[in-house]
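Undergrad: So that we are looking at the same thing, I have put the structure below in C-alpha cells.
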Amino acid sequence: MNKIYNFSAGPSMLPVEVLKSAQKELCNWNGMGISIMEISHKSNIFINIVKETEHNLRTLLNIPKNYKVLFCHGGARGQFAALPLNLFQNNEIVDYIISGYWSESAAQEAIKYCIVNKINIRQQKLNYLSMKDMDHWSLTPNAKYIHYCPNETIDGIAIHTLPNFPNNKIVLADYSSVILSAPLDISKFGVIYAGSQKNIGPAGITLVIIREDLIGITKRSILSILNYSILTKHNSMYNTPSTFALYLSGMVFKWLKKQGGLQKIAKRNQKKANLLYNIIDNSKLYINQINPINRSIMNVTFQIIKPKLNIKFIKLAEKQGLFFLQGHKESGGLRASIYNAMPLDGVQKLVNFMINFEENNK
Ligand SMILES: *Cc1c(COP(=O)(O)O)cnc(C)c1O
C-alpha cells in the first residue's frame with residue numbers, strides 16, 4: 001500500500017511517532033493496566049500530565065511569566081464569543097482587521113457584544129489578492145483592542161510579521177492554523193488563541209494564552225466555562241476537560257521539542273512551502289494568485305487553469321495516497337495544508353505528482 005499523506009486543513013495530520021506511542025499505551029498507560037482516558041482529571045496523575053504539557057508549551061513558545069495558559073472548550077469559534085464577553089464592554093469600540101473568512105466570522109460574533117469597527121485589508125487587483133499596507137488601515141484612535149488573524153486557513157493568506165500596531169493597543173489574535181509553526185514573541189499580544197485540531201493535536205481543546213492583567217476585568221455576567229477568571233482559578237479544570245486531547249497534545253509538544261524546537265520547525269515549514277510555491281510558479285497549469293509576501297506557509301492554495309481538471313487531479317492524487325487536497329467550499333480550487341506534522345517527504349511526493357499531472361494534461 002502507498003504511504004498516505006493527509007493534506008487536510010483540520011482536523012489534520014498528527015506526527016506518526018505520537019500516534020504510535022499513544023497506540024502502544026492506549027490500553028495500559030504507564031503500566032497501570034488502564035487507559036489514560038479512564039483516569040480522573042482530578043487525579044494527581046492527570047494533573048501532572050497537564051502540568052508537564054503546559055511546561056513544555058511554555059518552553060517551546062517562550063511564554064513570559066505574566067501570561068497564563070488556559071486549555072478551554074468550544075474551539076476557536078468559542079473564543080470568538082469568549083473574548084468579547086471577558087474583555088469588552090457593550091459600548092466599547094473594537095477594531096477587527098478583516099483579512100478573510102475567519103477574521104470576518106470573529107467580527108460577526110463580536111458584534112453581539114460590542115461596537116465592531118471592521119477594517120477590510122483585502123485588496124483584489126485584477127486576479128491578484130494582497131493585503132493593504134498597514135499605513136492604510138483605518139484604526140479607530142480610541143479603540144483599546146485590535147483583533148486579527150495572522151493566517152487565514154481557507155484563503156491561504158497570511159500576515160507574516162506582527163503589524164506595527166500603536167503601542168497602547170491590546171492585540172488579540174486567532175492563531176488557530178499557525179500556532180507553533182515558528183517562534184513567536186508572545187509579549188506583543190494581549191491574547192492569543194487557537195483551536196487544537198490544526199497544529200496542536202486532535203480536536204477537543206482550545207489554547208488561550210492571556211496576559212494576566214486582562215483576566216477578571218469583565219463587568220458582565222458570563223458563562224462560567226468561558227470565564228477566564230474561573231478557568232484560571234481552576235487551572236483549566238473547572239469542569240472536565242477533553243482529557244485525551246490534552247494528553248495527546250502534550251505528546252505533540254514533546255515531539256516538537258525533540259525535533260529541535262520552533263526555530264528548526266520554522267525552517268522546515270518554510271522549505272516545504274517553498275517547494276510547493278516554486279512548482280506552482282514555474283508551471284503553466286497551476287496558479288496561486290496571492291501576493292507572494294502574503295502567501296501562507298501552512299495552507300498552500302492553488303487553482304488549475306482548466307478547472308475541469310480539478311476532480312481528476314483530486315482522484316489521481318488520492319490513488320497515490322495524497323489525501324484531502326480539495327479547497328474549502330468557500331474558495332474552491334485546491335489546497336495543501338502542510339502543518340508541522342507533514343513531513344518533507346509528503347510535500348516532495350505531492351510536488352512530483354503535480355509535475356507528472358501537468359506533463360500528462362498539457
Ligand atoms: C479552523 C479555524 C477556526 C475554527 O476553529 P473551531 O475550533 O472549529 O471553532 C477559527 N479560526 C481559524 C483561523 C481557523 O483556521
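Identifiers for the C-alpha cells are assigned positionally: chains receive A, B, ... in sequence, residues are indexed from 1 per chain, and ligands are indexed from 1 in the order shown.
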Using only C-alpha atoms and all ligand atoms, what are the residues with an atom within 6 Å of ligand 1, set out as a PyMOL selection string?
TA: chain A and resi 75-77+102+152-153+174+176-177+195
Undergrad: List the neighbours of Leu87 (chain A) out to 8 Å using only C-alpha atoms; skip same-chain residues closer than 2 positions along the sequence, and give me the result as a list in words.
TA: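 So the residues in contact are Leu83, Pro84, Leu85, Gln89, Leu214, Ile217 and Thr218 of chain A.
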Undergrad: For the residues in the current selection, export N, CA and C atoms as a PDB file, in the first residue's frame.
TA:
```
ATOM      1  N   LEU A  83     -13.816  36.072  23.990  1.00  0.00           N
ATOM      2  CA  LEU A  83     -13.001  37.300  24.043  1.00  0.00           C
ATOM      3  C   LEU A  83     -13.850  38.523  24.346  1.00  0.00           C
ATOM      4  N   PRO A  84     -14.867  38.803  23.518  1.00  0.00           N
ATOM      5  CA  PRO A  84     -15.687  39.971  23.847  1.00  0.00           C
ATOM      6  C   PRO A  84     -16.356  39.870  25.216  1.00  0.00           C
ATOM      7  N   LEU A  85     -16.817  38.664  25.579  1.00  0.00           N
ATOM      8  CA  LEU A  85     -17.501  38.526  26.864  1.00  0.00           C
ATOM      9  C   LEU A  85     -16.555  38.823  28.033  1.00  0.00           C
ATOM     10  N   GLN A  89     -16.598  45.977  26.873  1.00  0.00           N
ATOM     11  CA  GLN A  89     -17.872  46.477  27.384  1.00  0.00           C
ATOM     12  C   GLN A  89     -18.820  46.690  26.200  1.00  0.00           C
ATOM     13  N   LEU A 214      -5.388  41.030  31.968  1.00  0.00           N
ATOM     14  CA  LEU A 214      -6.645  41.032  31.212  1.00  0.00           C
ATOM     15  C   LEU A 214      -7.657  40.026  31.771  1.00  0.00           C
ATOM     16  N   ILE A 217     -11.603  41.202  34.217  1.00  0.00           N
ATOM     17  CA  ILE A 217     -11.990  42.614  34.081  1.00  0.00           C
ATOM     18  C   ILE A 217     -13.441  42.798  33.638  1.00  0.00           C
ATOM     19  N   THR A 218     -14.102  41.716  33.285  1.00  0.00           N
ATOM     20  CA  THR A 218     -15.462  41.871  32.739  1.00  0.00           C
ATOM     21  C   THR A 218     -16.456  42.337  33.800  1.00  0.00           C
TER      22      THR A 218
END
```
Undergrad: Which is closer to Ile97 (chain A) than all the others in A:Lys272, A:Ile146, A:Leu70, A:Ile115, using only C-alpha atoms?
TA: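 Using only C-alpha atoms, the shortest distance to Ile97 (chain A) belongs to A:Ile146.
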Undergrad: Expressed in Å to a single decimal, how great is the separation between CA of Ser249 (chain A) and CA of Glu25 (chain A)?
TA: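 The value is 15.1 Å.
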Undergrad: Can you tell me which residues surround Asn56 (chain A) at a distance of at most 9 Å, considering only C-alpha atoms, apart from same-chain residues fewer than 6 positions away, and format the answer as a PyMOL selection string?
TA: chain A and resi 250+253-254+257
Undergrad: Give me the residues within 8 Å of Asn117 (chain A) as a PyMOL selection string, counting only C-alpha atoms and dropping any in the same chain fewer than 4 places off.
TA: chain A and resi 93-96+140
Undergrad: Would you please work out which residue, of A:Lys329, A:Lys319, A:Lys68, A:Lys233, is nearest to Tyr193 (chain A) when using only C-alpha atoms?
TA: A:Lys68
Undergrad: Grab the CA of Gln289 (chain A) to CA of Ser130 (chain A) distance for me, in Å with one decimal place.
TA: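 If I compute the distance from CA of Gln289 (chain A) to CA of Ser130 (chain A), I get 8.8 Å.
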Undergrad: Considering only C-alpha atoms, can you say which of A:Leu309, A:Ile290, A:Ile98, A:Ile304 comes closest to Leu129 (chain A)?
TA: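 Counting only C-alpha atoms, the residue closest to Leu129 (chain A) is A:Ile290.
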Undergrad: Can you tell me, as an mmCIF file with all heavy atoms, in the first residue's frame, what residues are no more than 10 Å from Phe353 (chain A) when counting only C-alpha atoms, ignoring any on the same chain fewer than 4 positions away?
TA:
```
data_model
loop_
_atom_site.group_PDB
_atom_site.id
_atom_site.type_symbol
_atom_site.label_atom_id
_atom_site.label_comp_id
_atom_site.auth_asym_id
_atom_site.auth_seq_id
_atom_site.Cartn_x
_atom_site.Cartn_y
_atom_site.Cartn_z
ATOM 1 N N PHE A 313 -7.618 15.635 -10.841
ATOM 2 C CA PHE A 313 -6.428 15.860 -10.001
ATOM 3 C C PHE A 313 -6.629 15.217 -8.621
ATOM 4 O O PHE A 313 -5.789 14.458 -8.142
ATOM 5 C CB PHE A 313 -6.178 17.366 -9.863
ATOM 6 C CG PHE A 313 -4.968 17.730 -9.033
ATOM 7 C CD1 PHE A 313 -3.749 18.017 -9.626
ATOM 8 C CD2 PHE A 313 -5.052 17.802 -7.638
ATOM 9 C CE1 PHE A 313 -2.630 18.354 -8.868
ATOM 10 C CE2 PHE A 313 -3.944 18.135 -6.867
ATOM 11 C CZ PHE A 313 -2.729 18.417 -7.487
ATOM 12 N N LEU A 316 -6.786 11.278 -8.847
ATOM 13 C CA LEU A 316 -5.487 10.636 -9.099
ATOM 14 C C LEU A 316 -4.553 10.800 -7.901
ATOM 15 O O LEU A 316 -3.815 9.888 -7.548
ATOM 16 C CB LEU A 316 -4.832 11.235 -10.353
ATOM 17 C CG LEU A 316 -5.416 10.777 -11.688
ATOM 18 C CD1 LEU A 316 -4.741 11.497 -12.854
ATOM 19 C CD2 LEU A 316 -5.254 9.261 -11.858
ATOM 20 N N ALA A 317 -4.627 11.979 -7.274
ATOM 21 C CA ALA A 317 -3.787 12.227 -6.095
ATOM 22 C C ALA A 317 -4.130 11.212 -5.004
ATOM 23 O O ALA A 317 -3.247 10.621 -4.380
ATOM 24 C CB ALA A 317 -3.984 13.657 -5.598
ATOM 25 N N GLN A 320 -2.604 7.947 -5.306
ATOM 26 C CA GLN A 320 -1.187 7.956 -4.929
ATOM 27 C C GLN A 320 -1.005 8.100 -3.419
ATOM 28 O O GLN A 320 0.121 8.233 -2.947
ATOM 29 C CB GLN A 320 -0.481 9.148 -5.582
ATOM 30 C CG GLN A 320 -0.582 9.202 -7.081
ATOM 31 C CD GLN A 320 0.591 8.491 -7.716
ATOM 32 O OE1 GLN A 320 1.716 8.616 -7.264
ATOM 33 N NE2 GLN A 320 0.318 7.706 -8.743
ATOM 34 N N LEU A 322 -2.265 10.692 -1.660
ATOM 35 C CA LEU A 322 -2.224 12.119 -1.295
ATOM 36 C C LEU A 322 -3.669 12.579 -1.064
ATOM 37 O O LEU A 322 -4.415 12.794 -2.020
ATOM 38 C CB LEU A 322 -1.557 12.929 -2.416
ATOM 39 C CG LEU A 322 -0.159 12.447 -2.803
ATOM 40 C CD1 LEU A 322 0.286 13.041 -4.136
ATOM 41 C CD2 LEU A 322 0.837 12.781 -1.698
ATOM 42 N N VAL A 347 5.460 16.402 1.089
ATOM 43 C CA VAL A 347 5.395 17.549 0.168
ATOM 44 C C VAL A 347 6.133 17.206 -1.123
ATOM 45 O O VAL A 347 5.662 17.505 -2.223
ATOM 46 C CB VAL A 347 5.990 18.805 0.840
ATOM 47 C CG1 VAL A 347 6.019 19.970 -0.130
ATOM 48 C CG2 VAL A 347 5.179 19.168 2.082
ATOM 49 N N GLN A 348 7.268 16.532 -0.977
ATOM 50 C CA GLN A 348 8.035 16.133 -2.168
ATOM 51 C C GLN A 348 7.206 15.212 -3.060
ATOM 52 O O GLN A 348 7.197 15.341 -4.277
ATOM 53 C CB GLN A 348 9.331 15.439 -1.724
ATOM 54 C CG GLN A 348 10.347 15.253 -2.835
ATOM 55 C CD GLN A 348 10.776 16.578 -3.458
ATOM 56 O OE1 GLN A 348 11.333 17.434 -2.775
ATOM 57 N NE2 GLN A 348 10.498 16.771 -4.748
ATOM 58 N N LYS A 349 6.472 14.326 -2.413
ATOM 59 C CA LYS A 349 5.637 13.399 -3.176
ATOM 60 C C LYS A 349 4.519 14.153 -3.913
ATOM 61 O O LYS A 349 4.217 13.854 -5.071
ATOM 62 C CB LYS A 349 5.047 12.346 -2.229
ATOM 63 C CG LYS A 349 4.419 11.207 -2.972
ATOM 64 C CD LYS A 349 4.145 10.008 -2.096
ATOM 65 C CE LYS A 349 3.340 9.007 -2.927
ATOM 66 N NZ LYS A 349 2.796 7.931 -2.134
ATOM 67 N N PHE A 357 1.355 15.231 -13.309
ATOM 68 C CA PHE A 357 -0.018 15.554 -13.724
ATOM 69 C C PHE A 357 0.008 16.631 -14.810
ATOM 70 O O PHE A 357 -0.727 16.539 -15.804
ATOM 71 C CB PHE A 357 -0.835 16.028 -12.513
ATOM 72 C CG PHE A 357 -2.289 16.254 -12.813
ATOM 73 C CD1 PHE A 357 -3.192 15.196 -12.800
ATOM 74 C CD2 PHE A 357 -2.766 17.528 -13.123
ATOM 75 C CE1 PHE A 357 -4.540 15.402 -13.082
ATOM 76 C CE2 PHE A 357 -4.112 17.746 -13.413
ATOM 77 C CZ PHE A 357 -5.004 16.672 -13.392
ATOM 78 N N GLU A 358 0.862 17.599 -14.651
ATOM 79 C CA GLU A 358 0.948 18.665 -15.664
ATOM 80 C C GLU A 358 1.455 18.087 -16.989
ATOM 81 O O GLU A 358 0.914 18.377 -18.064
ATOM 82 C CB GLU A 358 1.868 19.799 -15.186
ATOM 83 C CG GLU A 358 2.009 20.887 -16.250
ATOM 84 C CD GLU A 358 2.577 22.193 -15.737
ATOM 85 O OE1 GLU A 358 2.994 22.260 -14.572
ATOM 86 O OE2 GLU A 358 2.596 23.158 -16.527
ATOM 87 N N GLU A 359 2.477 17.241 -16.894
ATOM 88 C CA GLU A 359 3.049 16.586 -18.062
ATOM 89 C C GLU A 359 1.971 15.851 -18.861
ATOM 90 O O GLU A 359 1.925 15.924 -20.088
ATOM 91 C CB GLU A 359 4.075 15.571 -17.539
ATOM 92 C CG GLU A 359 5.423 15.423 -18.188
ATOM 93 C CD GLU A 359 5.865 16.522 -19.126
ATOM 94 O OE1 GLU A 359 6.220 17.597 -18.612
ATOM 95 O OE2 GLU A 359 5.889 16.300 -20.345
#
```
Undergrad: Measure the distance from CA of Ile170 (chain A) to CA of Val191 (chain A) in Å and round it to one decimal.
TA: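 Taking CA of Ile170 (chain A) as the start and CA of Val191 (chain A) as the end point, the length is 8.2 Å.
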Undergrad: Leaving out Lys306 (chain A) and any residue of its chain fewer than 3 positions from it, which residues lie within 12 Å of it when counting only C-alpha atoms, given as a ChimeraX atom specification?
TA: /A:284-287,303,309-313,333,358,361-362
Undergrad: Keeping only N, CA, C and O atoms, write those residues as an mmCIF file, in the first residue's frame.
TA:
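Final output, again39.cif:
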```cif
data_model
loop_
_atom_site.group_PDB
_atom_site.id
_atom_site.type_symbol
_atom_site.label_atom_id
_atom_site.label_comp_id
_atom_site.auth_asym_id
_atom_site.auth_seq_id
_atom_site.Cartn_x
_atom_site.Cartn_y
_atom_site.Cartn_z
ATOM 1 N N LYS A 284 2.634 25.953 -16.023
ATOM 2 C CA LYS A 284 1.655 26.609 -16.896
ATOM 3 C C LYS A 284 0.245 26.125 -16.573
ATOM 4 O O LYS A 284 -0.725 26.602 -17.125
ATOM 5 N N LEU A 285 0.152 25.169 -15.662
ATOM 6 C CA LEU A 285 -1.156 24.595 -15.342
ATOM 7 C C LEU A 285 -1.702 25.104 -14.006
ATOM 8 O O LEU A 285 -2.900 25.301 -13.853
ATOM 9 N N TYR A 286 -0.810 25.338 -13.032
ATOM 10 C CA TYR A 286 -1.258 25.738 -11.692
ATOM 11 C C TYR A 286 -1.012 27.226 -11.476
ATOM 12 O O TYR A 286 -0.018 27.770 -11.967
ATOM 13 N N ILE A 287 -1.920 27.850 -10.737
ATOM 14 C CA ILE A 287 -1.665 29.243 -10.354
ATOM 15 C C ILE A 287 -2.022 29.479 -8.889
ATOM 16 O O ILE A 287 -2.911 28.834 -8.326
ATOM 17 N N GLN A 303 -4.959 26.977 -7.914
ATOM 18 C CA GLN A 303 -6.010 26.585 -8.855
ATOM 19 C C GLN A 303 -5.374 25.897 -10.050
ATOM 20 O O GLN A 303 -4.205 26.113 -10.357
ATOM 21 N N LEU A 309 -10.257 20.044 -14.703
ATOM 22 C CA LEU A 309 -9.300 19.015 -14.283
ATOM 23 C C LEU A 309 -9.239 18.808 -12.768
ATOM 24 O O LEU A 309 -8.577 17.888 -12.287
ATOM 25 N N ASN A 310 -9.936 19.675 -12.030
ATOM 26 C CA ASN A 310 -9.873 19.598 -10.560
ATOM 27 C C ASN A 310 -10.180 18.209 -10.027
ATOM 28 O O ASN A 310 -9.434 17.658 -9.215
ATOM 29 N N ILE A 311 -11.314 17.656 -10.495
ATOM 30 C CA ILE A 311 -11.768 16.371 -9.950
ATOM 31 C C ILE A 311 -10.786 15.270 -10.311
ATOM 32 O O ILE A 311 -10.446 14.422 -9.478
ATOM 33 N N LYS A 312 -10.295 15.326 -11.537
ATOM 34 C CA LYS A 312 -9.304 14.331 -11.983
ATOM 35 C C LYS A 312 -8.044 14.417 -11.108
ATOM 36 O O LYS A 312 -7.507 13.396 -10.660
ATOM 37 N N PHE A 313 -7.618 15.635 -10.841
ATOM 38 C CA PHE A 313 -6.428 15.860 -10.001
ATOM 39 C C PHE A 313 -6.629 15.217 -8.621
ATOM 40 O O PHE A 313 -5.789 14.458 -8.142
ATOM 41 N N GLY A 333 -11.110 25.520 -5.797
ATOM 42 C CA GLY A 333 -9.725 25.224 -6.121
ATOM 43 C C GLY A 333 -9.148 24.123 -5.248
ATOM 44 O O GLY A 333 -9.863 23.251 -4.758
ATOM 45 N N GLU A 358 0.862 17.599 -14.651
ATOM 46 C CA GLU A 358 0.948 18.665 -15.664
ATOM 47 C C GLU A 358 1.455 18.087 -16.989
ATOM 48 O O GLU A 358 0.914 18.377 -18.064
ATOM 49 N N ASN A 361 -1.286 16.362 -18.800
ATOM 50 C CA ASN A 361 -2.524 17.118 -19.084
ATOM 51 C C ASN A 361 -2.243 18.449 -19.767
ATOM 52 O O ASN A 361 -2.843 19.465 -19.466
ATOM 53 N N LYS A 362 -1.304 18.410 -20.694
ATOM 54 C CA LYS A 362 -0.943 19.633 -21.418
ATOM 55 C C LYS A 362 -2.039 20.041 -22.393
ATOM 56 O O LYS A 362 -2.725 19.189 -22.917
#
```
Undergrad: Which residue, A:Ile121, A:Leu61, A:Met237, A:Ala182, has the smallest gap to Ile47 (chain A) when you use only C-alpha atoms?
TA: A:Met237
